[in-house]
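> For reference, this is run_8.json, and it has JSON, C-alpha atoms.
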[["chain", "number", "residue", "atom", "x", "y", "z"],
["A", 1, "MET", "CA", 12.12, -12.46, 69.31],
["A", 2, "LYS", "CA", 11.36, -11.34, 65.74],
["A", 3, "ILE", "CA", 7.81, -11.29, 64.37],
["A", 4, "LEU", "CA", 6.95, -10.97, 60.70],
["A", 5, "ILE", "CA", 3.80, -8.89, 60.09],
["A", 6, "PRO", "CA", 2.11, -8.86, 56.64],
["A", 7, "ASN", "CA", 1.65, -5.60, 54.77],
["A", 8, "THR", "CA", -2.05, -6.43, 54.32],
["A", 9, "ILE", "CA", -3.07, -5.21, 57.77],
["A", 10, "ASP", "CA", -2.11, -2.50, 60.25],
["A", 11, "LEU", "CA", -1.11, -4.53, 63.30],
["A", 12, "PRO", "CA", 0.35, -2.46, 66.16],
["A", 13, "VAL", "CA", 1.87, -5.19, 68.33],
["A", 14, "SER", "CA", 2.63, -3.98, 71.85],
["A", 15, "ALA", "CA", 4.66, -6.97, 73.03],
["A", 16, "ASP", "CA", 8.36, -6.23, 73.64],
["A", 17, "VAL", "CA", 9.61, -7.88, 70.44],
["A", 18, "GLU", "CA", 11.08, -6.89, 67.10],
["A", 19, "THR", "CA", 8.43, -6.54, 64.41],
["A", 20, "VAL", "CA", 9.15, -6.54, 60.69],
["A", 21, "VAL", "CA", 6.52, -5.77, 58.04],
["A", 22, "TYR", "CA", 6.85, -7.98, 54.96],
["A", 23, "ASP", "CA", 5.31, -7.88, 51.48],
["A", 24, "ILE", "CA", 3.05, -10.89, 50.87],
["A", 25, "GLU", "CA", 3.87, -10.68, 47.15],
["A", 26, "GLU", "CA", 7.63, -10.99, 47.67],
["A", 27, "PRO", "CA", 9.94, -13.65, 49.19],
["A", 28, "ILE", "CA", 10.94, -13.09, 52.81],
["A", 29, "PRO", "CA", 14.23, -11.13, 52.80],
["A", 30, "ASP", "CA", 17.29, -13.16, 53.83],
["A", 31, "GLU", "CA", 17.99, -10.92, 56.82],
["A", 32, "HIS", "CA", 14.58, -11.69, 58.30],
["A", 33, "ARG", "CA", 14.51, -15.44, 57.86],
["A", 34, "ASP", "CA", 15.52, -15.84, 61.51],
["A", 35, "ALA", "CA", 12.00, -14.87, 62.62],
["A", 36, "GLU", "CA", 10.28, -17.03, 65.23],
["A", 37, "VAL", "CA", 6.70, -15.86, 64.60],
["A", 38, "LEU", "CA", 4.96, -15.42, 61.27],
["A", 39, "VAL", "CA", 1.59, -13.65, 61.04],
["A", 40, "VAL", "CA", -0.36, -14.33, 57.83],
["A", 41, "TRP", "CA", -3.31, -12.54, 56.26],
["A", 42, "HIS", "CA", -4.28, -12.91, 52.58],
["A", 43, "ASN", "CA", -1.05, -14.81, 51.82],
["A", 44, "SER", "CA", -1.28, -17.13, 48.81],
["A", 45, "SER", "CA", -0.88, -20.89, 49.17],
["A", 46, "ALA", "CA", 2.27, -20.73, 47.02],
["A", 47, "TRP", "CA", 3.79, -18.03, 49.24],
["A", 48, "LEU", "CA", 3.06, -20.04, 52.38],
["A", 49, "GLN", "CA", 4.65, -23.15, 50.88],
["A", 50, "ASP", "CA", 7.81, -21.16, 50.08],
["A", 51, "ALA", "CA", 7.87, -19.64, 53.57],
["A", 52, "ALA", "CA", 7.62, -23.10, 55.15],
["A", 53, "GLY", "CA", 11.01, -23.96, 53.69],
["A", 54, "VAL", "CA", 13.00, -20.80, 54.53],
["A", 55, "LEU", "CA", 12.28, -20.05, 58.20],
["A", 56, "PRO", "CA", 14.44, -22.47, 60.23],
["A", 57, "ARG", "CA", 13.80, -20.78, 63.60],
["A", 58, "LEU", "CA", 10.05, -20.49, 63.20],
["A", 59, "ARG", "CA", 8.00, -21.47, 66.27],
["A", 60, "LEU", "CA", 4.53, -20.09, 65.52],
["A", 61, "VAL", "CA", 2.38, -19.24, 62.52],
["A", 62, "GLN", "CA", -0.53, -17.04, 63.55],
["A", 63, "ALA", "CA", -3.26, -16.98, 60.91],
["A", 64, "LEU", "CA", -5.75, -14.13, 61.09],
["A", 65, "ALA", "CA", -8.36, -16.01, 59.06],
["A", 66, "SER", "CA", -10.95, -17.90, 61.08],
["A", 67, "GLY", "CA", -9.84, -21.13, 59.39],
["A", 68, "ALA", "CA", -6.16, -22.08, 59.15],
["A", 69, "ASP", "CA", -6.56, -24.68, 56.38],
["A", 70, "ALA", "CA", -4.16, -22.93, 53.97],
["A", 71, "VAL", "CA", -1.44, -22.79, 56.65],
["A", 72, "LEU", "CA", -2.02, -26.39, 57.71],
["A", 73, "ASN", "CA", -1.53, -27.50, 54.10],
["A", 74, "ALA", "CA", 1.60, -25.40, 53.47],
["A", 75, "GLY", "CA", 4.15, -27.87, 54.85],
["A", 76, "PHE", "CA", 5.37, -26.16, 58.02],
["A", 77, "GLY", "CA", 7.34, -28.54, 60.23],
["A", 78, "ASP", "CA", 5.73, -30.38, 63.11],
["A", 79, "GLU", "CA", 7.72, -28.27, 65.55],
["A", 80, "VAL", "CA", 5.84, -25.15, 64.39],
["A", 81, "SER", "CA", 2.64, -24.31, 66.26],
["A", 82, "ILE", "CA", -0.25, -23.07, 64.14],
["A", 83, "CYS", "CA", -3.03, -20.86, 65.50],
["A", 84, "SER", "CA", -6.15, -19.59, 63.77],
["A", 85, "GLY", "CA", -7.95, -16.26, 63.91],
["A", 86, "ARG", "CA", -11.04, -17.87, 65.41],
["A", 87, "SER", "CA", -13.36, -15.23, 66.92],
["A", 88, "LEU", "CA", -11.72, -12.31, 65.06],
["A", 89, "HIS", "CA", -14.41, -12.47, 62.39],
["A", 90, "ASP", "CA", -17.47, -13.35, 64.47],
["A", 91, "GLY", "CA", -19.17, -9.97, 64.17],
["A", 92, "PRO", "CA", -18.38, -9.15, 60.51],
["A", 93, "VAL", "CA", -19.19, -12.66, 59.22],
["A", 94, "ALA", "CA", -22.39, -12.84, 61.27],
["A", 95, "GLU", "CA", -23.44, -9.49, 59.79],
["A", 96, "HIS", "CA", -22.78, -10.64, 56.23],
["A", 97, "ALA", "CA", -24.41, -14.00, 56.83],
["A", 98, "LEU", "CA", -27.53, -12.21, 58.06],
["A", 99, "THR", "CA", -27.44, -10.00, 54.95],
["A", 100, "LEU", "CA", -27.28, -13.04, 52.66],
["A", 101, "ILE", "CA", -29.95, -14.94, 54.60],
["A", 102, "LEU", "CA", -32.40, -12.05, 54.39],
["A", 103, "SER", "CA", -31.48, -11.46, 50.73],
["A", 104, "ALA", "CA", -32.26, -15.09, 49.89],
["A", 105, "VAL", "CA", -35.46, -15.24, 51.93],
["A", 106, "ARG", "CA", -36.79, -11.88, 50.68],
["A", 107, "ARG", "CA", -35.44, -12.59, 47.15],
["A", 108, "ILE", "CA", -33.42, -9.41, 46.76],
["A", 109, "ASP", "CA", -31.73, -11.01, 43.73],
["A", 110, "ARG", "CA", -35.05, -11.08, 41.87],
["A", 111, "LEU", "CA", -35.95, -7.55, 42.92],
["A", 112, "HIS", "CA", -32.55, -6.28, 41.82],
["A", 113, "ASP", "CA", -33.04, -7.88, 38.41],
["A", 114, "ALA", "CA", -36.37, -6.07, 38.12],
["A", 115, "GLN", "CA", -34.73, -2.78, 39.08],
["A", 116, "ARG", "CA", -32.09, -3.19, 36.36],
["A", 117, "GLU", "CA", -34.89, -3.83, 33.87],
["A", 118, "HIS", "CA", -36.79, -0.72, 35.10],
["A", 119, "ARG", "CA", -39.68, -3.03, 35.94],
["A", 120, "TRP", "CA", -42.07, -2.77, 38.91],
["A", 121, "ASP", "CA", -42.43, -6.45, 39.87],
["A", 122, "GLU", "CA", -46.15, -6.69, 40.61],
["A", 123, "ALA", "CA", -46.03, -10.49, 40.37],
["A", 124, "PHE", "CA", -43.49, -10.61, 43.21],
["A", 125, "ASN", "CA", -45.72, -8.45, 45.36],
["A", 126, "ASP", "CA", -48.63, -10.83, 44.78],
["A", 127, "GLU", "CA", -46.54, -13.94, 45.47],
["A", 128, "GLN", "CA", -44.96, -12.77, 48.72],
["A", 129, "SER", "CA", -48.28, -11.61, 50.14],
["A", 130, "ALA", "CA", -50.28, -14.70, 49.15],
["A", 131, "PRO", "CA", -51.45, -16.80, 52.15],
["A", 132, "ASP", "CA", -49.92, -20.03, 50.83],
["A", 133, "THR", "CA", -46.45, -18.54, 50.20],
["A", 134, "HIS", "CA", -46.21, -15.95, 52.96],
["A", 135, "GLN", "CA", -44.07, -18.15, 55.21],
["A", 136, "SER", "CA", -41.41, -18.45, 52.50],
["A", 137, "TYR", "CA", -40.66, -14.72, 52.58],
["A", 138, "THR", "CA", -40.00, -14.25, 56.29],
["A", 139, "LEU", "CA", -37.69, -15.51, 59.02],
["A", 140, "ALA", "CA", -40.51, -15.36, 61.54],
["A", 141, "GLY", "CA", -41.33, -18.99, 62.23],
["A", 142, "ALA", "CA", -38.68, -20.28, 59.83],
["A", 143, "ARG", "CA", -36.44, -23.21, 60.82],
["A", 144, "VAL", "CA", -32.83, -22.10, 60.27],
["A", 145, "THR", "CA", -30.10, -24.74, 60.50],
["A", 146, "ILE", "CA", -26.46, -23.64, 60.86],
["A", 147, "TRP", "CA", -24.00, -26.35, 59.83],
["A", 148, "GLY", "CA", -20.70, -25.64, 61.54],
["A", 149, "PHE", "CA", -21.74, -24.25, 64.91],
["A", 150, "GLY", "CA", -18.72, -22.38, 66.24],
["A", 151, "SER", "CA", -18.15, -18.86, 67.49],
["A", 152, "ILE", "CA", -19.55, -17.20, 64.35],
["A", 153, "ALA", "CA", -22.77, -19.19, 64.70],
["A", 154, "GLY", "CA", -22.86, -18.14, 68.34],
["A", 155, "ALA", "CA", -22.93, -14.51, 67.21],
["A", 156, "LEU", "CA", -25.40, -15.09, 64.36],
["A", 157, "ALA", "CA", -27.98, -17.30, 66.07],
["A", 158, "PRO", "CA", -29.33, -14.76, 68.61],
["A", 159, "VAL", "CA", -29.96, -12.22, 65.83],
["A", 160, "LEU", "CA", -31.93, -14.81, 63.87],
["A", 161, "THR", "CA", -33.85, -15.68, 67.03],
["A", 162, "ALA", "CA", -34.69, -12.01, 67.54],
["A", 163, "LEU", "CA", -36.24, -12.01, 64.07],
["A", 164, "GLY", "CA", -38.43, -14.96, 65.01],
["A", 165, "ALA", "CA", -36.45, -17.86, 63.53],
["A", 166, "ASP", "CA", -36.21, -21.29, 65.13],
["A", 167, "VAL", "CA", -32.44, -21.87, 65.11],
["A", 168, "GLN", "CA", -30.58, -25.15, 65.49],
["A", 169, "GLY", "CA", -27.15, -26.39, 64.55],
["A", 170, "ILE", "CA", -25.27, -29.33, 63.08],
["A", 171, "ALA", "CA", -21.72, -30.19, 64.10],
["A", 172, "ARG", "CA", -19.48, -33.21, 64.53],
["A", 173, "THR", "CA", -20.90, -33.87, 67.96],
["A", 174, "ALA", "CA", -24.31, -33.17, 69.46],
["A", 175, "GLY", "CA", -24.86, -30.89, 72.43],
["A", 176, "THR", "CA", -25.89, -27.40, 73.42],
["A", 177, "ARG", "CA", -23.78, -24.48, 72.21],
["A", 178, "SER", "CA", -24.45, -20.84, 73.03],
["A", 179, "GLY", "CA", -27.85, -21.98, 74.28],
["A", 180, "TYR", "CA", -28.86, -23.68, 71.01],
["A", 181, "ALA", "CA", -29.48, -27.36, 70.27],
["A", 182, "VAL", "CA", -26.77, -28.76, 68.02],
["A", 183, "HIS", "CA", -27.23, -32.12, 66.30],
["A", 184, "ALA", "CA", -24.52, -34.54, 65.20],
["A", 185, "ASP", "CA", -23.53, -34.86, 61.53],
["A", 186, "ALA", "CA", -24.95, -38.39, 61.54],
["A", 187, "ASP", "CA", -28.44, -37.00, 62.19],
["A", 188, "ALA", "CA", -28.29, -34.38, 59.43],
["A", 189, "THR", "CA", -30.77, -36.00, 57.03],
["A", 190, "ALA", "CA", -33.67, -35.80, 59.48],
["A", 191, "ILE", "CA", -32.78, -32.22, 60.45],
["A", 192, "LEU", "CA", -32.53, -31.06, 56.83],
["A", 193, "ALA", "CA", -36.02, -32.35, 56.03],
["A", 194, "GLU", "CA", -37.44, -29.69, 58.38],
["A", 195, "THR", "CA", -35.06, -26.89, 57.39],
["A", 196, "ASP", "CA", -36.25, -23.70, 55.65],
["A", 197, "VAL", "CA", -32.83, -22.03, 55.52],
["A", 198, "LEU", "CA", -29.53, -23.93, 55.60],
["A", 199, "VAL", "CA", -26.46, -21.87, 56.50],
["A", 200, "SER", "CA", -22.93, -23.25, 56.13],
["A", 201, "ILE", "CA", -20.07, -21.91, 58.24],
["A", 202, "LEU", "CA", -17.93, -25.03, 57.73],
["A", 203, "PRO", "CA", -14.16, -24.95, 57.21],
["A", 204, "ALA", "CA", -12.44, -26.65, 54.27],
["A", 205, "THR", "CA", -11.20, -30.09, 55.33],
["A", 206, "ALA", "CA", -10.94, -33.51, 53.74],
["A", 207, "GLU", "CA", -14.20, -34.43, 55.48],
["A", 208, "THR", "CA", -16.13, -31.36, 54.30],
["A", 209, "THR", "CA", -15.05, -31.33, 50.65],
["A", 210, "ASP", "CA", -18.20, -31.35, 48.46],
["A", 211, "LEU", "CA", -20.30, -32.11, 51.56],
["A", 212, "PHE", "CA", -23.14, -30.03, 50.14],
["A", 213, "ASP", "CA", -23.96, -32.28, 47.21],
["A", 214, "ALA", "CA", -27.07, -33.51, 45.42],
["A", 215, "GLU", "CA", -27.89, -35.80, 48.35],
["A", 216, "VAL", "CA", -27.81, -32.98, 50.90],
["A", 217, "PHE", "CA", -29.76, -30.56, 48.70],
["A", 218, "GLY", "CA", -32.25, -33.35, 48.01],
["A", 219, "ALA", "CA", -32.67, -33.97, 51.74],
["A", 220, "LEU", "CA", -33.66, -30.36, 52.39],
["A", 221, "LYS", "CA", -37.25, -29.30, 52.73],
["A", 222, "PRO", "CA", -38.47, -28.50, 49.19],
["A", 223, "GLY", "CA", -38.13, -24.78, 48.49],
["A", 224, "ALA", "CA", -35.46, -24.20, 51.14],
["A", 225, "ALA", "CA", -32.77, -21.53, 50.81],
["A", 226, "PHE", "CA", -29.01, -22.16, 51.08],
["A", 227, "VAL", "CA", -26.36, -19.71, 52.31],
["A", 228, "ASN", "CA", -22.60, -20.31, 52.44],
["A", 229, "VAL", "CA", -20.20, -18.07, 54.39],
["A", 230, "GLY", "CA", -17.78, -20.89, 55.18],
["A", 231, "ARG", "CA", -15.58, -22.24, 52.39],
["A", 232, "GLY", "CA", -16.28, -22.84, 48.71],
["A", 233, "ALA", "CA", -14.63, -26.26, 48.78],
["A", 234, "THR", "CA", -17.54, -27.58, 50.85],
["A", 235, "VAL", "CA", -20.03, -27.22, 47.97],
["A", 236, "ASP", "CA", -20.50, -29.37, 44.88],
["A", 237, "GLU", "CA", -21.28, -26.43, 42.65],
["A", 238, "THR", "CA", -22.70, -28.58, 39.85],
["A", 239, "ALA", "CA", -25.22, -29.96, 42.35],
["A", 240, "LEU", "CA", -25.98, -26.45, 43.60],
["A", 241, "ILE", "CA", -26.72, -25.22, 40.08],
["A", 242, "ALA", "CA", -28.93, -28.25, 39.45],
["A", 243, "ALA", "CA", -30.85, -27.77, 42.70],
["A", 244, "LEU", "CA", -31.50, -24.12, 41.85],
["A", 245, "GLY", "CA", -32.48, -24.95, 38.27],
["A", 246, "SER", "CA", -34.96, -27.61, 39.33],
["A", 247, "GLY", "CA", -36.51, -25.43, 42.02],
["A", 248, "ARG", "CA", -35.48, -27.84, 44.78],
["A", 249, "LEU", "CA", -33.72, -24.82, 46.24],
["A", 250, "ARG", "CA", -35.83, -21.69, 46.15],
["A", 251, "ALA", "CA", -32.80, -19.42, 46.39],
["A", 252, "ALA", "CA", -29.15, -19.39, 47.45],
["A", 253, "ALA", "CA", -26.52, -16.84, 48.42],
["A", 254, "VAL", "CA", -22.80, -17.59, 48.63],
["A", 255, "ASP", "CA", -19.82, -15.52, 49.71],
["A", 256, "VAL", "CA", -17.30, -18.22, 48.77],
["A", 257, "THR", "CA", -16.67, -20.38, 45.71],
["A", 258, "LYS", "CA", -14.35, -23.22, 44.75],
["A", 259, "SER", "CA", -12.27, -20.99, 42.47],
["A", 260, "GLU", "CA", -11.53, -17.51, 43.75],
["A", 261, "PRO", "CA", -11.72, -15.13, 42.01],
["A", 262, "LEU", "CA", -14.57, -16.91, 40.24],
["A", 263, "PRO", "CA", -13.72, -17.04, 36.49],
["A", 264, "ALA", "CA", -16.01, -15.00, 34.26],
["A", 265, "SER", "CA", -16.83, -18.15, 32.29],
["A", 266, "ASP", "CA", -17.91, -20.17, 35.33],
["A", 267, "PRO", "CA", -21.52, -21.43, 35.03],
["A", 268, "LEU", "CA", -22.16, -20.47, 38.66],
["A", 269, "TRP", "CA", -22.55, -16.85, 37.55],
["A", 270, "ASP", "CA", -25.63, -17.77, 35.51],
["A", 271, "ALA", "CA", -27.31, -20.07, 38.03],
["A", 272, "PRO", "CA", -30.91, -18.97, 38.62],
["A", 273, "ASN", "CA", -31.95, -17.41, 41.92],
["A", 274, "LEU", "CA", -28.36, -17.13, 43.16],
["A", 275, "LEU", "CA", -26.62, -14.17, 44.80],
["A", 276, "ILE", "CA", -22.80, -14.19, 44.81],
["A", 277, "THR", "CA", -20.54, -11.90, 46.86],
["A", 278, "PRO", "CA", -16.73, -11.94, 46.43],
["A", 279, "HIS", "CA", -15.55, -13.49, 49.73],
["A", 280, "ILE", "CA", -15.98, -10.29, 51.71],
["A", 281, "ALA", "CA", -17.74, -11.51, 54.86],
["A", 282, "GLY", "CA", -14.67, -11.72, 57.07],
["A", 283, "ASN", "CA", -12.23, -9.17, 55.68],
["A", 284, "ARG", "CA", -12.11, -7.19, 58.94],
["A", 285, "PRO", "CA", -10.36, -9.17, 61.69],
["A", 286, "VAL", "CA", -11.43, -7.47, 64.92],
["A", 287, "GLY", "CA", -8.93, -7.68, 67.79],
["A", 288, "ALA", "CA", -6.08, -9.13, 65.70],
["A", 289, "ALA", "CA", -3.34, -7.16, 67.47],
["A", 290, "GLN", "CA", -4.55, -8.31, 70.88],
["A", 291, "LEU", "CA", -4.58, -11.95, 69.74],
["A", 292, "VAL", "CA", -1.03, -11.70, 68.38],
["A", 293, "ASP", "CA", 0.15, -9.99, 71.59],
["A", 294, "GLN", "CA", -1.50, -12.66, 73.70],
["A", 295, "ASN", "CA", 0.02, -15.56, 71.79],
["A", 296, "VAL", "CA", 3.48, -14.03, 71.61],
["A", 297, "THR", "CA", 3.42, -13.48, 75.38],
["A", 298, "ARG", "CA", 2.26, -17.07, 75.89],
["A", 299, "LEU", "CA", 4.89, -18.41, 73.50],
["A", 300, "ILE", "CA", 7.66, -16.63, 75.42],
["A", 301, "ALA", "CA", 6.31, -17.90, 78.75],
["A", 302, "GLY", "CA", 5.80, -21.44, 77.48],
["A", 303, "ASP", "CA", 2.06, -21.31, 78.13],
["A", 304, "ASP", "CA", -0.74, -22.84, 76.04],
["A", 305, "LEU", "CA", -1.58, -20.79, 72.96],
["A", 306, "VAL", "CA", -4.99, -19.34, 72.03],
["A", 307, "ASN", "CA", -6.78, -20.87, 69.02],
["A", 308, "GLN", "CA", -4.07, -23.48, 68.57],
["A", 309, "VAL", "CA", -5.05, -25.90, 65.81],
["A", 310, "ARG", "CA", -1.77, -27.81, 65.59],
["A", 311, "PRO", "CA", 1.06, -28.16, 68.11]]
So that I can check it, write out the structure of this file as structure tokens.

Amino acid sequence: MKILIPNTIDLPVSADVETVVYDIEEPIPDEHRDAEVLVVWHNSSAWLQDAAGVLPRLRLVQALASGADAVLNAGFGDEVSICSGRSLHDGPVAEHALTLILSAVRRIDRLHDAQREHRWDEAFNDEQSAPDTHQSYTLAGARVTIWGFGSIAGALAPVLTALGADVQGIARTAGTRSGYAVHADADATAILAETDVLVSILPATAETTDLFDAEVFGALKPGAAFVNVGRGATVDETALIAALGSGRLRAAAVDVTKSEPLPASDPLWDAPNLLITPHIAGNRPVGAAQLVDQNVTRLIAGDDLVNQVRP
């Protein structure tokens, strides 16, 4: 069995198979188009679409990203199994999400602006210590709602709890996950009204496109903060800018945007009270080689695959 490994990651596969490292910027060489497994990491949508048409023996595409939306949309045949990198990014994304949450709550964006201006922000000190605003500047006692409660949320939630936050989730179906109450999408409006910090870890799907719109931001508790470490396609960015400009949202921090890289002319850059990071939360897939080994072994044995999102 031949496996194609991208040149974007060091992936020492131990399974007894032939591995070939390929350049994600170049077409797959003719002599390697007989591969049965394709591993993808940072491949462009155009490259994936080309690959879908030139690998006739392909049986599995193993994505290392937590969401496999780009692979699912590339046009691979129904006979090709597709698996995601779910759980590979739990720790790194949870860390970055926590960084953005604390940055939004403690308003690091404002303090950084003051630093650049060589200005000691006395007004900020007064505001964050005032009795009527104190609760806005801490996670202790804050209601944090995570929309998209999967394995990353399972890693993030206990850390937020340790800092004193009251954590709950929203997902397609209600239940208890990782010990936390998770509410159904249909009940979101009532949950948002009591939310101090809304965190999105949603994938990009037809159902989640522009989910975070004016209606959702309007349903949030006035002065709430918004953090997105999921996908940029889930946010109506015009509505986000408006919610920040009106003060409906006190602050926001996003690691993902609709267009990536975000064009220099995009109005999102100038939105007030917004921190933007360049999609860096999950750039360290932890345990990728073990996942590939496990799925290759299962593929050879005819067993069920791990993280399979499409048979």
> With only C-alpha atoms counted, which protein, DNA or RNA residues have an atom no more than 10 Å from (-23.5, -13.6, 64.5) in the file frame? Please answer as a PyMOL selection string.
chain A and resi 89-98+151-160
> Using all atoms listed in the file - which residues lie no farther than 12 Å from the point (6.7, -21.2, 52.4) in the file's frame? Write them as a PyMOL selection string.
chain A and resi 24+26-28+33+38+40+43-56+58+61+70-77
> Name the closest residue to A:Ser246 among the candidates A:Ser259, A:Pro272, A:Leu202, A:Lys221; distances are taken between atoms, counting only C-alpha atoms.
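Selected residue with least distance to A:Ser246: A:Pro272.
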> Counting all atoms listed in the file, what is within 12 Å of A:Ala15, bar same-chain residues fewer than 3 positions away, as an NGL selection string?
:A and (1-3 or 11-12 or 18-19 or 289-300)
> Atom CA of A:Val254 and atom CA of A:Arg116, how far apart in Å?
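Atom CA of A:Arg116 sits 21.1 Å away from atom CA of A:Val254.
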> If you measure from atom CA of A:Ala251 to atom CA of A:Ala104, what distance in Å do you get, rounded to one decimal?
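Interatomic distance, atom CA of A:Ala251 to atom CA of A:Ala104: 5.6 Å.
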> Looking at all atoms listed in the file, which of A:Asn307, A:Thr238, A:Ser84, A:Thr195 is the one that sits closest to A:Pro222?
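So, comparing all the options, the nearest one is A:Thr195.
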> One decimal, in Å: what's the spacing between atom CA of A:His279 and atom CA of A:Ala204?
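Atom-to-atom, atom CA of A:His279 to atom CA of A:Ala204, that is 14.3 Å.
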> Return the single residue from A:Val256, A:Arg106, A:Ser265, A:Asp10 that is closest to A:Ser129, with distances computed using all atoms listed in the file.
A:Arg106
> Write out as a ChimeraX atom specification the residues lying within 9 Å of A:Ala181, counting only C-alpha atoms and excluding same-chain residues fewer than 4 positions away.
/A:167-170,174-177
> Point out the residue among A:Phe226, A:Phe217, A:Tyr180, A:Trp269 with the least atom-to-atom distance to A:Leu198, counting all atoms listed in the file.
A:Phe226
> Of the residues A:Gly141, A:Gly164, A:Gly218, A:Gly85, which is the one nearest to A:Ala190, using only C-alpha atoms?
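Counting only C-alpha atoms, the residue closest to A:Ala190 is A:Gly218.
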> Given the choices A:Ala225, A:Gly230, A:Ala243, A:Thr277, which gets closest to A:Ala142 if the distance is worked out from all atoms listed in the file?
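Of all the options, A:Ala225 lies closest to A:Ala142.
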> Within 8 Å of A:Gly223, counting only C-alpha atoms, which residues qualify if same-chain residues fewer than 6 places away don't, as a JSON list (two decimals) with C-alpha atoms, in the frame of the given file?

[["chain", "number", "residue", "atom", "x", "y", "z"],
["A", 196, "ASP", "CA", -36.25, -23.70, 55.65],
["A", 247, "GLY", "CA", -36.51, -25.43, 42.02],
["A", 248, "ARG", "CA", -35.48, -27.84, 44.78],
["A", 249, "LEU", "CA", -33.72, -24.82, 46.24],
["A", 250, "ARG", "CA", -35.83, -21.69, 46.15],
["A", 251, "ALA", "CA", -32.80, -19.42, 46.39]]
